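Source file data29.txt; content: compact mmCIF, C-alpha atoms.
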# COMPACT_ATOMS: atom_id res chain seq x y z
CA MET A 1 25.95 -14.91 9.80
CA ASN A 2 25.10 -18.52 9.03
CA ASN A 3 24.99 -20.04 5.54
CA GLN A 4 21.90 -18.64 3.86
CA THR A 5 21.73 -21.46 1.32
CA TYR A 6 20.45 -23.95 3.91
CA ILE A 7 17.95 -21.67 5.65
CA THR A 8 14.29 -22.54 4.98
CA PHE A 9 11.24 -20.57 6.05
CA HIS A 10 7.99 -22.26 7.06
CA ILE A 11 5.00 -20.02 6.31
CA LEU A 12 1.87 -20.95 8.26
CA PRO A 13 -1.10 -18.93 6.95
CA PHE A 14 -4.39 -18.58 8.85
CA SER A 15 -5.20 -22.13 9.89
CA SER A 16 -3.62 -25.55 9.97
CA LYS A 17 -6.98 -27.18 9.15
CA THR A 18 -6.76 -28.52 5.61
CA TYR A 19 -10.50 -28.28 4.86
CA ASN A 20 -10.40 -24.49 5.19
CA LYS A 21 -7.61 -23.98 2.69
CA PRO A 22 -9.53 -24.45 -0.61
CA LEU A 23 -12.17 -21.98 0.55
CA ILE A 24 -9.53 -19.42 1.59
CA ALA A 25 -7.71 -19.94 -1.72
CA GLY A 26 -10.95 -19.35 -3.63
CA ILE A 27 -11.65 -16.11 -1.75
CA PHE A 28 -8.16 -14.76 -2.39
CA SER A 29 -8.33 -15.79 -6.06
CA VAL A 30 -11.49 -13.73 -6.54
CA ILE A 31 -9.98 -10.76 -4.67
CA TYR A 32 -6.81 -10.94 -6.75
CA LEU A 33 -8.57 -11.20 -10.11
CA MET A 34 -10.94 -8.36 -9.26
CA GLY A 35 -8.09 -6.17 -8.07
CA ILE A 36 -5.99 -6.80 -11.18
CA THR A 37 -8.97 -6.21 -13.48
CA LEU A 38 -10.16 -2.99 -11.83
CA ASN A 39 -6.70 -1.46 -11.50
CA SER A 40 -5.76 -2.43 -15.07
CA LEU A 41 -8.97 -0.83 -16.33
CA VAL A 42 -8.20 2.39 -14.44
CA ILE A 43 -4.64 2.50 -15.81
CA SER A 44 -5.87 1.89 -19.38
CA VAL A 45 -8.60 4.54 -19.15
CA ILE A 46 -6.30 7.21 -17.70
CA CYS A 47 -3.54 6.51 -20.24
CA LEU A 48 -5.89 6.49 -23.26
CA ASP A 49 -8.07 9.50 -22.34
CA VAL A 50 -6.10 12.74 -22.76
CA ARG A 51 -8.71 14.59 -20.69
CA LEU A 52 -7.48 12.66 -17.67
CA HIS A 53 -3.83 13.62 -18.13
CA THR A 54 -3.82 15.81 -15.04
CA PRO A 55 -1.69 15.53 -11.85
CA MET A 56 -4.52 14.05 -9.79
CA TYR A 57 -5.18 11.22 -12.27
CA LEU A 58 -1.46 10.68 -12.89
CA PHE A 59 -1.03 9.97 -9.18
CA PHE A 60 -4.17 7.82 -9.22
CA CYS A 61 -2.67 5.83 -12.09
CA ASN A 62 0.49 5.31 -10.05
CA LEU A 63 -1.63 4.14 -7.12
CA SER A 64 -3.20 1.47 -9.34
CA VAL A 65 0.26 0.31 -10.46
CA ILE A 66 1.37 0.06 -6.83
CA ASP A 67 -1.78 -1.84 -5.86
CA ILE A 68 -1.20 -4.37 -8.65
CA CYS A 69 2.38 -4.86 -7.42
CA TYR A 70 1.17 -5.08 -3.80
CA SER A 71 -1.25 -7.94 -4.39
CA THR A 72 0.94 -9.72 -6.98
CA VAL A 73 3.85 -9.92 -4.55
CA VAL A 74 1.69 -11.60 -1.88
CA ILE A 75 -1.29 -13.51 -3.32
CA PRO A 76 0.20 -15.91 -5.95
CA LYS A 77 2.64 -17.40 -3.43
CA LEU A 78 -0.15 -17.61 -0.83
CA LEU A 79 -2.36 -19.51 -3.30
CA HIS A 80 0.50 -21.91 -4.03
CA ILE A 81 0.91 -22.59 -0.30
CA LEU A 82 -2.81 -23.11 0.28
CA LEU A 83 -3.42 -25.35 -2.75
CA SER A 84 -0.21 -27.39 -2.74
CA GLY A 85 0.25 -27.66 1.00
CA ASN A 86 3.95 -26.83 0.56
CA VAL A 87 4.68 -24.29 3.30
CA LEU A 88 8.42 -24.15 2.61
CA ILE A 89 10.06 -21.15 1.00
CA SER A 90 13.78 -20.69 0.41
CA PHE A 91 15.82 -17.92 1.97
CA ASN A 92 16.39 -16.12 -1.34
CA LEU A 93 12.74 -16.32 -2.41
CA CYS A 94 11.53 -15.14 0.99
CA PHE A 95 13.80 -12.11 1.03
CA THR A 96 12.96 -11.33 -2.60
CA GLN A 97 9.25 -11.32 -1.75
CA MET A 98 9.93 -9.14 1.30
CA TYR A 99 11.97 -6.67 -0.77
CA PHE A 100 9.24 -6.07 -3.34
CA TYR A 101 6.57 -6.01 -0.63
CA LEU A 102 8.48 -3.30 1.24
CA THR A 103 8.96 -1.41 -2.03
CA SER A 104 5.20 -1.46 -2.71
CA ALA A 105 4.37 -0.46 0.87
CA SER A 106 6.89 2.41 0.89
CA ALA A 107 5.69 3.67 -2.50
CA GLU A 108 2.05 3.60 -1.38
CA VAL A 109 2.75 5.60 1.78
CA ILE A 110 4.75 8.23 -0.12
CA LEU A 111 2.11 8.42 -2.85
CA LEU A 112 -0.73 8.91 -0.37
CA PHE A 113 1.23 11.82 1.08
CA VAL A 114 1.78 13.28 -2.42
CA MET A 115 -1.91 12.87 -3.31
CA GLY A 116 -2.81 14.78 -0.15
CA PHE A 117 -0.41 17.54 -1.18
CA ASP A 118 -2.04 17.59 -4.64
CA ARG A 119 -5.48 18.21 -3.10
CA TYR A 120 -3.99 20.85 -0.77
CA VAL A 121 -2.52 22.82 -3.68
CA ALA A 122 -5.66 22.41 -5.82
CA ILE A 123 -7.97 23.82 -3.14
CA CYS A 124 -5.76 26.30 -1.28
CA TYR A 125 -3.77 27.61 -4.28
CA PRO A 126 -5.99 26.96 -7.32
CA LEU A 127 -4.49 29.77 -9.43
CA SER A 128 -0.95 28.42 -8.98
CA TYR A 129 -1.90 24.74 -9.32
CA ASN A 130 -0.64 24.29 -12.91
CA GLN A 131 2.64 26.03 -12.11
CA ILE A 132 3.34 24.13 -8.89
CA LEU A 133 2.35 20.72 -10.28
CA ASN A 134 3.22 20.94 -13.95
CA LYS A 135 3.98 17.92 -16.13
CA ASN A 136 7.74 17.90 -15.47
CA ILE A 137 7.30 18.24 -11.70
CA CYS A 138 4.72 15.42 -11.63
CA THR A 139 6.98 13.13 -13.66
CA LEU A 140 9.88 13.89 -11.32
CA ILE A 141 7.69 13.19 -8.28
CA ALA A 142 6.60 9.82 -9.73
CA VAL A 143 10.24 8.84 -10.37
CA MET A 144 11.29 9.96 -6.89
CA ILE A 145 8.50 7.94 -5.27
CA TRP A 146 9.77 4.70 -6.80
CA ALA A 147 13.44 5.58 -6.23
CA CYS A 148 12.83 6.28 -2.52
CA ALA A 149 10.75 3.10 -2.20
CA PHE A 150 13.47 0.89 -3.72
CA LEU A 151 16.21 2.48 -1.61
CA ASN A 152 14.18 2.24 1.59
CA SER A 153 13.39 -1.45 1.11
CA LEU A 154 17.07 -2.10 0.30
CA LEU A 155 18.06 -0.45 3.58
CA ILE A 156 15.68 -2.64 5.60
CA LEU A 157 16.75 -5.76 3.70
CA SER A 158 20.43 -5.05 4.38
CA SER A 159 19.81 -4.77 8.13
CA LEU A 160 17.90 -8.07 8.19
CA LEU A 161 20.60 -9.89 6.24
CA GLU A 162 22.97 -9.27 9.14
CA LEU A 163 20.79 -11.27 11.54
CA PRO A 164 21.55 -14.92 12.34
CA PHE A 165 18.81 -17.48 11.65
CA TYR A 166 18.13 -21.06 12.58
CA GLU A 167 18.17 -23.64 9.80
CA PHE A 168 14.36 -23.79 9.87
CA VAL A 169 12.47 -20.56 10.54
CA ARG A 170 8.76 -20.62 11.35
CA LEU A 171 6.69 -17.59 10.32
CA GLN A 172 3.15 -17.16 11.66
CA SER A 173 2.18 -15.18 8.59
CA PHE A 174 1.09 -15.66 4.99
CA PHE A 175 4.04 -13.80 3.46
CA CYS A 176 7.58 -12.82 4.38
CA ASP A 177 7.17 -9.70 6.50
CA ALA A 178 10.21 -7.86 7.86
CA VAL A 179 8.96 -7.65 11.45
CA ASP A 180 7.96 -11.33 11.55
CA ILE A 181 11.36 -12.34 10.14
CA PHE A 182 13.11 -10.21 12.76
CA TYR A 183 11.22 -11.89 15.63
CA ALA A 184 11.95 -15.30 14.09
CA SER A 185 15.72 -14.69 14.04
CA CYS A 186 17.90 -16.27 16.73
CA GLY A 187 19.59 -13.00 17.69
CA GLY A 188 18.12 -9.51 17.89
CA SER A 189 19.76 -6.35 16.67
CA HIS A 190 19.48 -2.87 18.20
CA THR A 191 20.24 -1.42 14.78
CA PHE A 192 17.07 -2.92 13.36
CA PHE A 193 14.99 -1.54 16.26
CA ILE A 194 16.39 1.93 15.64
CA LEU A 195 15.65 1.53 11.94
CA VAL A 196 12.06 0.48 12.68
CA TYR A 197 11.49 3.59 14.82
CA VAL A 198 12.95 5.79 12.08
CA GLU A 199 10.70 4.05 9.53
CA PHE A 200 7.60 4.63 11.62
CA ALA A 201 8.54 8.28 11.99
CA LEU A 202 9.35 8.94 8.33
CA PHE A 203 6.77 6.69 6.64
CA GLY A 204 4.10 6.68 9.34
CA PHE A 205 3.85 9.69 11.60
CA PHE A 206 5.39 12.39 9.38
CA PRO A 207 3.22 11.95 6.22
CA LEU A 208 0.10 11.39 8.33
CA PHE A 209 0.79 14.52 10.38
CA CYS A 210 1.45 16.58 7.23
CA ASN A 211 -1.77 15.36 5.65
CA PHE A 212 -3.62 16.22 8.85
CA LEU A 213 -2.28 19.80 8.73
CA SER A 214 -3.18 19.99 5.03
CA TYR A 215 -6.77 18.97 5.69
CA VAL A 216 -7.08 21.48 8.53
CA ARG A 217 -6.19 24.19 6.02
CA ILE A 218 -8.44 22.63 3.36
CA ILE A 219 -11.44 22.57 5.71
CA ARG A 220 -10.89 26.22 6.58
CA VAL A 221 -10.89 27.14 2.89
CA ILE A 222 -14.02 25.05 2.24
CA LEU A 223 -15.88 26.69 5.12
CA ARG A 224 -15.24 30.10 3.56
CA ILE A 225 -17.10 29.08 0.40
CA LYS A 226 -20.54 30.69 0.55
CA SER A 227 -22.34 28.26 -1.73
CA LYS A 228 -23.43 24.99 -0.13
CA GLU A 229 -23.12 23.22 -3.48
CA GLY A 230 -19.62 24.68 -3.90
CA ARG A 231 -18.57 23.38 -0.49
CA ARG A 232 -19.95 19.94 -1.30
CA LYS A 233 -18.17 19.72 -4.67
CA THR A 234 -14.89 20.95 -3.26
CA PHE A 235 -14.92 18.53 -0.35
CA SER A 236 -15.93 15.61 -2.62
CA THR A 237 -12.61 15.97 -4.48
CA CYS A 238 -10.82 15.13 -1.20
CA LEU A 239 -13.15 12.45 0.11
CA SER A 240 -11.70 9.57 -1.93
CA HIS A 241 -8.17 10.30 -0.73
CA LEU A 242 -9.38 10.60 2.86
CA ILE A 243 -11.17 7.25 2.75
CA VAL A 244 -8.20 5.44 1.18
CA MET A 245 -5.68 7.02 3.57
CA ILE A 246 -7.69 6.36 6.74
CA THR A 247 -8.45 2.77 5.72
CA TYR A 248 -4.84 1.95 4.87
CA TYR A 249 -3.25 3.62 7.89
CA SER A 250 -5.80 2.19 10.32
CA ALA A 251 -5.20 -1.41 9.25
CA CYS A 252 -1.40 -1.00 9.14
CA SER A 253 -1.15 0.71 12.51
CA MET A 254 -3.37 -1.85 14.25
CA ASP A 255 -1.32 -4.68 12.75
CA TYR A 256 2.15 -3.38 13.62
CA MET A 257 1.24 -1.85 16.99
CA MET A 258 -0.52 -4.98 18.22
CA PRO A 259 1.78 -7.06 20.46
CA PHE A 260 2.91 -10.36 18.93
CA SER A 261 1.53 -13.42 20.76
CA THR A 262 -0.27 -16.67 20.03
CA ARG A 263 -3.61 -14.96 20.77
CA THR A 264 -3.06 -12.15 18.28
CA VAL A 265 -1.63 -14.20 15.38
CA THR A 266 -4.95 -14.70 13.61
CA ILE A 267 -6.05 -11.07 14.09
CA LYS A 268 -2.71 -9.78 12.78
CA GLN A 269 -2.95 -12.05 9.73
CA ILE A 270 -6.49 -10.81 8.99
CA LEU A 271 -5.32 -7.19 9.24
CA SER A 272 -2.34 -7.95 6.99
CA ALA A 273 -4.64 -9.62 4.47
CA PHE A 274 -6.92 -6.59 4.54
CA TYR A 275 -4.34 -3.94 3.62
CA THR A 276 -2.31 -6.14 1.25
CA THR A 277 -5.17 -7.71 -0.73
CA VAL A 278 -8.56 -6.10 -0.02
CA VAL A 279 -7.44 -2.46 0.00
CA PRO A 280 -5.70 -2.73 -3.42
CA MET A 281 -8.95 -4.16 -4.82
CA VAL A 282 -11.17 -1.48 -3.21
CA ASN A 283 -9.02 1.58 -4.03
CA PRO A 284 -10.01 1.82 -7.74
CA LEU A 285 -13.67 1.45 -6.76
CA ILE A 286 -13.42 4.27 -4.23
CA TYR A 287 -11.74 6.66 -6.65
CA SER A 288 -13.80 5.66 -9.69
CA LEU A 289 -17.19 5.87 -8.00
CA ARG A 290 -16.28 9.28 -6.55
CA SER A 291 -15.06 10.64 -9.91
CA SER A 292 -17.55 11.42 -12.68
CA GLU A 293 -14.63 11.93 -15.10
CA ILE A 294 -13.38 8.38 -14.50
CA LEU A 295 -16.88 6.93 -14.90
CA ARG A 296 -17.46 8.79 -18.18
CA ALA A 297 -14.02 7.77 -19.48
CA CYS A 298 -14.68 4.13 -18.53
CA TRP A 299 -17.99 4.24 -20.39
CA ARG A 300 -16.34 5.68 -23.50
CA PHE A 301 -13.57 3.10 -23.26
CA LEU A 302 -16.02 0.19 -22.96
CA LYS A 303 -18.15 1.50 -25.83
CA ILE A 304 -15.12 1.62 -28.10
CA LYS A 305 -14.16 -1.91 -27.13

Since I need it in another form, could you write the structure as structure tokens?
Amino acid sequence: MNNQTYITFHILPFSSKTYNKPLIAGIFSVIYLMGITLNSLVISVICLDVRLHTPMYLFFCNLSVIDICYSTVVIPKLLHILLSGNVLISFNLCFTQMYFYLTSASAEVILLFVMGFDRYVAICYPLSYNQILNKNICTLIAVMIWACAFLNSLLILSSLLELPFYEFVRLQSFFCDAVDIFYASCGGSHTFFILVYVEFALFGFFPLFCNFLSYVRIIRVILRIKSKEGRRKTFSTCLSHLIVMITYYSACSMDYMMPFSTRTVTIKQILSAFYTTVVPMVNPLIYSLRSSEILRACWRFLKIK
């Protein structure tokens, strides 16, 4: 492995045309501020209102924390690149950004799986809900989500550190992504390919397949409800999670499954921008607008302020 001290990454986001960069920076600034504000409001409301201290809202609070981390890891450095014109990033800073990005991504995938399990238990086993997901179990789950996310990103980072790099590495991206860094290295590794397949299986296919089976069972239970209003209310508790999960997985899968070429660079960057910046901003809106409890708690919180 070559000397990491002298390796420099060149990040080339979106377009080389300078007149587009202030506009792009303005758009991402608005997205970032809105995302931070909305997610911070959700976290504050859930923490301050004891009526929202339930497993569903605890996981929702964790999702807001992850979304803040997601966008904070990516957007500030992107704004610096766009406004200063300095596309250089050191080896250590690039791998630090990648580590925390992978941590946020891993935590979000695991949490979406856990939130699906929460809805499955609430609808299919309502009488045992408080026993299965009690306070201690939920706290343990939250700790395990972050522990698994940190360990998983460390595993990927360790495999990439073994790769040799040229002195100047060009990344057709707006942040340091593991796959882009791998393709930019000057020597591939079969170990990393095996790791990528394992990652897709554990953090892609497996949780998505489990959630699919859960919703098959949930739909069967909902269809047995005789009241039309009862079916609507029961299904509405799952709709927010379904929308968030489908949106996130669709953008991620299209990005990582799309072949890398000069023709697909812009499309891949737009997809990456969508699930790393837009989705974290939209998630609190989806959950809040679908939850009357959140809306009432927000109104009480704003009235007090």

Give me, as JSON lines, the closest atom pair and its distance (Å, one decimal) for every residue of segment 10-69 of chain A within a cut-off of 7 Å of segment 173-194 of chain A, counting all atoms listed in the file, rows sorted by chain and rising number.
{"residue": "A:Ile11", "atom": "CA", "partner": "A:Phe174", "partner_atom": "CA", "distance": 6.0}
{"residue": "A:Leu12", "atom": "CA", "partner": "A:Ser173", "partner_atom": "CA", "distance": 5.8}
{"residue": "A:Pro13", "atom": "CA", "partner": "A:Phe174", "partner_atom": "CA", "distance": 4.4}

Nearest candidate to Ser272 of chain A (options A:Tyr101, A:Phe150, A:Tyr215, A:Phe9; using all atoms listed in the file): A:Tyr101

Straight-line distance linking atom CA of Leu83 of chain A with atom CA of Val282 of chain A, stated in Å to one decimal: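 These atoms are spaced 25.1 Å apart.
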
Point-to-point distance from atom CA of His10 of chain A to atom CA of Leu171 of chain A, Å rounded to tenths: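 Straight-line distance from atom CA of His10 of chain A to atom CA of Leu171 of chain A works out to 5.8 Å.
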
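Interatomic distance, atom CA of Val196 of chain A to atom CA of Tyr248 of chain A: 18.7 Å.
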
Contact residues around Ala251 of chain A with all atoms listed in the file at 9 Å, ignoring same-chain residues under 5 positions, as a PyMOL selection string: chain A and resi 246+256+271-272+274-275

Which residue of A:Ile137, A:Cys94, A:Val244, A:Ala105 approaches Lys77 of chain A most closely, using all atoms listed in the file: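 Of A:Ile137, A:Cys94, A:Val244, A:Ala105, the one nearest Lys77 of chain A is A:Cys94, counting all atoms listed in the file.
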
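Restricting the calculation to all atoms listed in the file, the smallest distance between Leu112 of chain A and any of A:Tyr249, A:Phe100, A:Phe235, A:Tyr32 is found for A:Tyr249.
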
Nearest-residue call for Cys69 of chain A, choices A:Gly35, A:Pro55, A:Gly85, A:Pro126, using all atoms listed in the file: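 Using all atoms listed in the file, the shortest distance to Cys69 of chain A belongs to A:Gly35.
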
Neighbours of point (-7.0, 5.3, -7.9) within 8 Å, using all atoms listed in the file, written as a ChimeraX atom specification: /A:39,42,57,59-64,283-288

Sel. within 12 Å of pt (-11.8, 13.4, -4.2), counting only C-alpha atoms, output as a count of residues only: 33

Assuming 8 Å of padding per side, give the centre and edge lengths of the axis-aligned box around every listed atom of segment 92-107 of chain A, in Å to one decimal and as lines of an AutoDock Vina configuration file.
center_x = 10.4
center_y = -6.3
center_z = -1.0
size_x = 28.0
size_y = 36.0
size_z = 20.6

For Phe91 of chain A, the nearest of the candidates A:Phe203, A:Pro280, A:Cys210, A:Glu167, counting only C-alpha atoms: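 Under the stated criterion, the closest residue is A:Glu167.
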
Which of A:Ser106, A:Ser153, A:Asn92, A:Ser158 sits closest to Pro207 of chain A [using all atoms listed in the file]: A:Ser106

Contacts of Met258 of chain A at 8 Å (all atoms listed in the file; same-chain gap of 4+ positions) as a PyMOL selection string: chain A and resi 254+264+268

Please output segment 227-238 of chain A, rebuilt to include all heavy atoms, as a PDB file, keeping the file's coordinate frame.
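Result saved to selection.pdb:
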ATOM      1  N   SER A 227     -21.369  29.173  -1.141  1.00  0.00           N
ATOM      2  CA  SER A 227     -22.340  28.260  -1.730  1.00  0.00           C
ATOM      3  C   SER A 227     -22.241  26.874  -1.098  1.00  0.00           C
ATOM      4  O   SER A 227     -21.151  26.304  -0.962  1.00  0.00           O
ATOM      5  CB  SER A 227     -22.096  28.159  -3.247  1.00  0.00           C
ATOM      6  OG  SER A 227     -22.837  27.088  -3.802  1.00  0.00           O
ATOM      7  N   LYS A 228     -23.401  26.336  -0.703  1.00  0.00           N
ATOM      8  CA  LYS A 228     -23.430  24.990  -0.130  1.00  0.00           C
ATOM      9  C   LYS A 228     -23.028  23.955  -1.171  1.00  0.00           C
ATOM     10  O   LYS A 228     -22.310  22.995  -0.853  1.00  0.00           O
ATOM     11  CB  LYS A 228     -24.847  24.694   0.385  1.00  0.00           C
ATOM     12  CG  LYS A 228     -24.970  23.362   1.100  1.00  0.00           C
ATOM     13  CD  LYS A 228     -26.373  23.159   1.650  1.00  0.00           C
ATOM     14  CE  LYS A 228     -26.483  21.823   2.363  1.00  0.00           C
ATOM     15  NZ  LYS A 228     -27.866  21.610   2.900  1.00  0.00           N
ATOM     16  N   GLU A 229     -23.483  24.134  -2.396  1.00  0.00           N
ATOM     17  CA  GLU A 229     -23.120  23.220  -3.480  1.00  0.00           C
ATOM     18  C   GLU A 229     -21.625  23.307  -3.767  1.00  0.00           C
ATOM     19  O   GLU A 229     -20.972  22.288  -4.049  1.00  0.00           O
ATOM     20  CB  GLU A 229     -23.915  23.561  -4.746  1.00  0.00           C
ATOM     21  CG  GLU A 229     -23.673  22.621  -5.920  1.00  0.00           C
ATOM     22  CD  GLU A 229     -24.158  21.210  -5.667  1.00  0.00           C
ATOM     23  OE1 GLU A 229     -24.964  20.998  -4.737  1.00  0.00           O
ATOM     24  OE2 GLU A 229     -23.723  20.313  -6.411  1.00  0.00           O
ATOM     25  N   GLY A 230     -21.056  24.509  -3.693  1.00  0.00           N
ATOM     26  CA  GLY A 230     -19.620  24.680  -3.900  1.00  0.00           C
ATOM     27  C   GLY A 230     -18.805  23.989  -2.826  1.00  0.00           C
ATOM     28  O   GLY A 230     -17.767  23.370  -3.123  1.00  0.00           O
ATOM     29  N   ARG A 231     -19.269  24.078  -1.577  1.00  0.00           N
ATOM     30  CA  ARG A 231     -18.570  23.380  -0.490  1.00  0.00           C
ATOM     31  C   ARG A 231     -18.624  21.881  -0.684  1.00  0.00           C
ATOM     32  O   ARG A 231     -17.630  21.178  -0.467  1.00  0.00           O
ATOM     33  CB  ARG A 231     -19.198  23.765   0.858  1.00  0.00           C
ATOM     34  CG  ARG A 231     -18.906  25.195   1.299  1.00  0.00           C
ATOM     35  CD  ARG A 231     -19.207  25.385   2.772  1.00  0.00           C
ATOM     36  NE  ARG A 231     -20.615  25.152   3.070  1.00  0.00           N
ATOM     37  CZ  ARG A 231     -21.546  26.076   3.093  1.00  0.00           C
ATOM     38  NH1 ARG A 231     -21.213  27.336   2.815  1.00  0.00           N
ATOM     39  NH2 ARG A 231     -22.799  25.794   3.379  1.00  0.00           N
ATOM     40  N   ARG A 232     -19.794  21.384  -1.112  1.00  0.00           N
ATOM     41  CA  ARG A 232     -19.950  19.940  -1.300  1.00  0.00           C
ATOM     42  C   ARG A 232     -19.036  19.434  -2.424  1.00  0.00           C
ATOM     43  O   ARG A 232     -18.363  18.411  -2.273  1.00  0.00           O
ATOM     44  CB  ARG A 232     -21.404  19.617  -1.630  1.00  0.00           C
ATOM     45  CG  ARG A 232     -21.708  18.115  -1.694  1.00  0.00           C
ATOM     46  CD  ARG A 232     -23.078  17.852  -2.277  1.00  0.00           C
ATOM     47  NE  ARG A 232     -23.156  18.283  -3.675  1.00  0.00           N
ATOM     48  CZ  ARG A 232     -22.683  17.555  -4.687  1.00  0.00           C
ATOM     49  NH1 ARG A 232     -22.086  16.397  -4.465  1.00  0.00           N
ATOM     50  NH2 ARG A 232     -22.797  17.995  -5.920  1.00  0.00           N
ATOM     51  N   LYS A 233     -19.001  20.140  -3.543  1.00  0.00           N
ATOM     52  CA  LYS A 233     -18.170  19.720  -4.670  1.00  0.00           C
ATOM     53  C   LYS A 233     -16.693  19.780  -4.338  1.00  0.00           C
ATOM     54  O   LYS A 233     -15.921  18.896  -4.720  1.00  0.00           O
ATOM     55  CB  LYS A 233     -18.471  20.587  -5.896  1.00  0.00           C
ATOM     56  CG  LYS A 233     -19.810  20.291  -6.559  1.00  0.00           C
ATOM     57  CD  LYS A 233     -19.998  21.135  -7.818  1.00  0.00           C
ATOM     58  CE  LYS A 233     -21.300  20.786  -8.509  1.00  0.00           C
ATOM     59  NZ  LYS A 233     -21.512  21.587  -9.747  1.00  0.00           N
ATOM     60  N   THR A 234     -16.295  20.813  -3.627  1.00  0.00           N
ATOM     61  CA  THR A 234     -14.890  20.950  -3.260  1.00  0.00           C
ATOM     62  C   THR A 234     -14.445  19.850  -2.313  1.00  0.00           C
ATOM     63  O   THR A 234     -13.382  19.244  -2.482  1.00  0.00           O
ATOM     64  CB  THR A 234     -14.628  22.325  -2.614  1.00  0.00           C
ATOM     65  OG1 THR A 234     -15.086  23.356  -3.491  1.00  0.00           O
ATOM     66  CG2 THR A 234     -13.156  22.518  -2.332  1.00  0.00           C
ATOM     67  N   PHE A 235     -15.281  19.575  -1.317  1.00  0.00           N
ATOM     68  CA  PHE A 235     -14.920  18.530  -0.350  1.00  0.00           C
ATOM     69  C   PHE A 235     -14.951  17.143  -0.990  1.00  0.00           C
ATOM     70  O   PHE A 235     -14.178  16.262  -0.601  1.00  0.00           O
ATOM     71  CB  PHE A 235     -15.874  18.574   0.847  1.00  0.00           C
ATOM     72  CG  PHE A 235     -15.522  17.581   1.921  1.00  0.00           C
ATOM     73  CD1 PHE A 235     -14.406  17.789   2.722  1.00  0.00           C
ATOM     74  CD2 PHE A 235     -16.293  16.447   2.127  1.00  0.00           C
ATOM     75  CE1 PHE A 235     -14.065  16.869   3.703  1.00  0.00           C
ATOM     76  CE2 PHE A 235     -15.964  15.536   3.113  1.00  0.00           C
ATOM     77  CZ  PHE A 235     -14.851  15.757   3.909  1.00  0.00           C
ATOM     78  N   SER A 236     -15.823  16.929  -1.975  1.00  0.00           N
ATOM     79  CA  SER A 236     -15.930  15.610  -2.620  1.00  0.00           C
ATOM     80  C   SER A 236     -14.652  15.242  -3.361  1.00  0.00           C
ATOM     81  O   SER A 236     -14.356  14.055  -3.535  1.00  0.00           O
ATOM     82  CB  SER A 236     -17.114  15.587  -3.582  1.00  0.00           C
ATOM     83  OG  SER A 236     -16.905  16.466  -4.669  1.00  0.00           O
ATOM     84  N   THR A 237     -13.876  16.265  -3.794  1.00  0.00           N
ATOM     85  CA  THR A 237     -12.610  15.970  -4.480  1.00  0.00           C
ATOM     86  C   THR A 237     -11.570  15.406  -3.520  1.00  0.00           C
ATOM     87  O   THR A 237     -10.595  14.799  -3.955  1.00  0.00           O
ATOM     88  CB  THR A 237     -12.045  17.235  -5.144  1.00  0.00           C
ATOM     89  OG1 THR A 237     -11.761  18.217  -4.143  1.00  0.00           O
ATOM     90  CG2 THR A 237     -13.032  17.813  -6.149  1.00  0.00           C
ATOM     91  N   CYS A 238     -11.763  15.630  -2.203  1.00  0.00           N
ATOM     92  CA  CYS A 238     -10.820  15.130  -1.200  1.00  0.00           C
ATOM     93  C   CYS A 238     -11.294  13.841  -0.534  1.00  0.00           C
ATOM     94  O   CYS A 238     -10.496  13.148   0.100  1.00  0.00           O
ATOM     95  CB  CYS A 238     -10.606  16.173  -0.101  1.00  0.00           C
ATOM     96  SG  CYS A 238     -10.087  17.778  -0.676  1.00  0.00           S
TER      97      CYS A 238
END
